[in-house]
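**Q** Below: one structure in C-alpha cells.
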Amino acid sequence: MTVCEKCGEEVIELNGRLELEDLYVGIIILKQASFSSCKNCHFLYPVETLQQIEKAREILIQQYINDYPIRDFVTSGKAASMLGITRQALNKNRRIRRGFIYKVDKSDNCTLFLRQSVELYKKAGDGRFPLFPEER
Ligand SMILES: [Zn+2]
C-alpha cells in the first residue's frame with residue numbers, strides 16, 4: 001500500500017479518463033492517464049501525466065490563439081519594443097519562453113505575439129489570461 005506524502009492516507013492508483021479544470025484553457029481531458037488519489041488530497045499526478053497535461057494545455061492554447069485575427073498579433077520586434085527590451089532579450093527570457101506571453105510560431109522562423117498578452121505581461125509580469133469562453 002502506498003501512502004499519501006501529504007496526509008498519510010492510503011493512495012489509490014487510478015488509470016483512465018482524467019478531466020481537470022485549467023485556469024487558462026478551461027477543461028482539459030485526457031482519455032487515458034495514470035494518476036492517484038487519497039481521501040483527503042486532490043489527485044496526484046506522476047511526471048508522465050503532468051507532461052500529458054502540459055501538452056494538452058499547450059495544444060488548446062494554440063487552438064485558442066489561432067482563432068485570433070492576424071491584426072491582434074505583433075512581431076517579436078514590436079513586442080520587444082512594447083516591453084522596452086531588445087529582441088534578443090525577448091527571445092532569451094525564460095518566462096516568455098515558458099509561455100507567459102501567448103504566441104504562435106508561424107513558418108520560417110517567425111513568431112507572432114498576441115498584443116493583448118504582451119500588454120498584460122508588461123503590466124503584471126504574466127501575460128496569460130483565460131482563453132476559454134465564459135460558461136452560460
Ligand atoms: Zn493525501
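For the C-alpha cells, the naming scheme is as follows: chains receive sequential letters (A, B, ...) according to their order of presentation, residues are indexed from 1 within each chain, and ligands are indexed from 1 in presentation order.
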Enumerate as a ChimeraX atom specification the residues within 10 Å of ligand 1, counting only C-alpha atoms and all ligand atoms.

**A** /A:3-11,36-44

**Q** Which residues in chain A does DSSP call strand (DSSP E)? List them as a PyMOL selection string.

**A** chain A and resi 12-22+26-37+73-75+103-106+110-114

**Q** Using only C-alpha atoms, which residue out of A:Met1, A:Ile96, A:Leu112, A:Leu30 lies closest to Asn15 of chain A?

**A**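 For Asn15 of chain A, the nearest of the candidates is A:Leu30.
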
**Q** With distances taken over only C-alpha atoms, which of A:Glu119, A:Asp67, A:Glu48, A:Asp105 is nearest to Ala33 of chain A?

**A** A:Glu48

**Q** What does the distance between atom CA of Asn109 of chain A and atom CA of Gly77 of chain A come to in Å, to one decimal place?

**A** 13.2 Å

**Q** Write down as JSON, numbers by chain the residues of segment 26-122 of chain A whose backbone DSSP state falls under alpha helix (DSSP H).

**A** {"A": [47, 48, 49, 50, 51, 52, 53, 54, 55, 56, 57, 58, 59, 60, 61, 62, 63, 64, 65, 66, 76, 77, 78, 79, 80, 81, 82, 83, 87, 88, 89, 90, 91, 92, 94, 95, 115, 116, 117, 118, 119, 120, 121, 122]}

**Q** Please identify all polymer residues within 12 Å of segment 62-65 of chain A, counting only C-alpha atoms, omitting same-chain residues fewer than 2 positions from it, and present them as an mmCIF file with C-alpha atoms, in the first residue's frame.

**A**
```cif
data_model
loop_
_atom_site.group_PDB
_atom_site.id
_atom_site.type_symbol
_atom_site.label_atom_id
_atom_site.label_comp_id
_atom_site.auth_asym_id
_atom_site.auth_seq_id
_atom_site.Cartn_x
_atom_site.Cartn_y
_atom_site.Cartn_z
ATOM 1 C CA TYR A 24 -6.346 29.303 -18.859
ATOM 2 C CA VAL A 25 -7.962 26.814 -21.201
ATOM 3 C CA GLY A 26 -10.952 25.543 -19.252
ATOM 4 C CA LYS A 55 0.985 19.025 -23.782
ATOM 5 C CA ALA A 56 -2.810 19.049 -23.851
ATOM 6 C CA ARG A 57 -2.828 22.568 -22.391
ATOM 7 C CA GLU A 58 -0.314 23.751 -24.995
ATOM 8 C CA ILE A 59 -2.414 22.314 -27.837
ATOM 9 C CA LEU A 60 -5.549 24.008 -26.507
ATOM 10 C CA ASP A 67 -8.614 31.875 -33.559
ATOM 11 C CA TYR A 68 -7.478 35.445 -33.070
ATOM 12 C CA PRO A 69 -7.347 37.531 -36.248
ATOM 13 C CA ILE A 70 -3.880 38.342 -37.537
ATOM 14 C CA ASP A 72 -4.280 41.101 -32.975
ATOM 15 C CA PHE A 73 -0.674 39.937 -33.206
ATOM 16 C CA GLY A 99 4.550 30.767 -22.360
ATOM 17 C CA ILE A 101 3.122 35.656 -23.261
ATOM 18 C CA TYR A 102 0.805 33.917 -25.702
ATOM 19 C CA LYS A 103 2.475 33.441 -29.034
ATOM 20 C CA VAL A 104 2.265 31.403 -32.183
ATOM 21 C CA ASP A 105 5.131 30.072 -34.217
ATOM 22 C CA LYS A 106 4.452 30.764 -37.835
ATOM 23 C CA LEU A 112 3.959 36.345 -33.517
ATOM 24 C CA PHE A 113 2.895 37.592 -30.111
ATOM 25 C CA LEU A 114 -0.634 38.326 -29.056
ATOM 26 C CA ARG A 115 -0.733 42.073 -28.458
ATOM 27 C CA GLN A 116 -3.158 41.827 -25.530
ATOM 28 C CA SER A 117 -0.878 39.296 -23.862
ATOM 29 C CA ARG A 128 -1.650 34.767 -19.593
ATOM 30 C CA PHE A 129 -5.371 35.139 -19.222
ATOM 31 C CA PRO A 130 -8.305 32.741 -19.519
ATOM 32 C CA LEU A 131 -8.820 31.858 -23.175
ATOM 33 C CA PHE A 132 -11.906 29.713 -22.932
ATOM 34 C CA PRO A 133 -15.396 31.151 -23.429
#
```

**Q** Could you please determine the separation between atom CA of Lys122 of chain A and atom CA of Gly84 of chain A in Å, to one decimal place?

**A**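 Going from atom CA of Lys122 of chain A over to atom CA of Gly84 of chain A, I get 9.2 Å.
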
**Q** Just checking: using only C-alpha atoms, which residue out of A:Phe35, A:Thr75, A:Thr2, A:Ala89 ends up closest to Leu14 of chain A?

**A** A:Phe35

**Q** Which is closer to Glu13 of chain A than all the others in A:Lys31, A:Pro46, A:Gln52, A:Lys78, using only C-alpha atoms?

**A**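 Selected residue with least distance to Glu13 of chain A: A:Pro46.
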
**Q** Name the closest residue to Tyr45 of chain A among the candidates A:Leu90, A:Leu20, A:Val74, A:Ile61; distances are taken between atoms, counting only C-alpha atoms.

**A** A:Leu20

**Q** Residues within 10 Å of Asn91 of chain A, please, as a PyMOL selection string. Count only C-alpha atoms; anything in the same chain fewer than 6 positions from it doesn't count.

**A** chain A and resi 76+80+97+111

**Q** Could you please take those selected residues and save N, CA, C and O atoms as a PDB file, in the first residue's frame?

**A**
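Saved the output as selection01.pdb:
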```pdb
ATOM      1  N   SER A  76       7.923  39.960 -33.167  1.00  0.00           N
ATOM      2  CA  SER A  76       8.779  39.925 -31.979  1.00  0.00           C
ATOM      3  C   SER A  76       9.484  41.262 -31.788  1.00  0.00           C
ATOM      4  O   SER A  76       9.687  41.716 -30.660  1.00  0.00           O
ATOM      5  N   ALA A  80       9.068  43.346 -28.423  1.00  0.00           N
ATOM      6  CA  ALA A  80      10.244  43.757 -27.659  1.00  0.00           C
ATOM      7  C   ALA A  80      10.195  45.252 -27.374  1.00  0.00           C
ATOM      8  O   ALA A  80      10.426  45.691 -26.247  1.00  0.00           O
ATOM      9  N   ARG A  97       9.609  32.416 -22.786  1.00  0.00           N
ATOM     10  CA  ARG A  97       9.780  31.122 -23.468  1.00  0.00           C
ATOM     11  C   ARG A  97       8.841  30.078 -22.914  1.00  0.00           C
ATOM     12  O   ARG A  97       8.375  29.193 -23.628  1.00  0.00           O
ATOM     13  N   THR A 111       7.833  34.245 -35.159  1.00  0.00           N
ATOM     14  CA  THR A 111       6.928  34.087 -34.031  1.00  0.00           C
ATOM     15  C   THR A 111       6.110  35.357 -33.876  1.00  0.00           C
ATOM     16  O   THR A 111       6.646  36.460 -33.916  1.00  0.00           O
TER      17      THR A 111
END
```

**Q** Go through A:Leu18, A:Leu50, A:Ile29, A:Leu120 one by one, measure the shortest atom-to-atom distance of each to Ala79 of chain A using only C-alpha atoms, and give the residue with the smallest value.

**A**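 With only C-alpha atoms as the atom set, the closest residue is A:Leu120.
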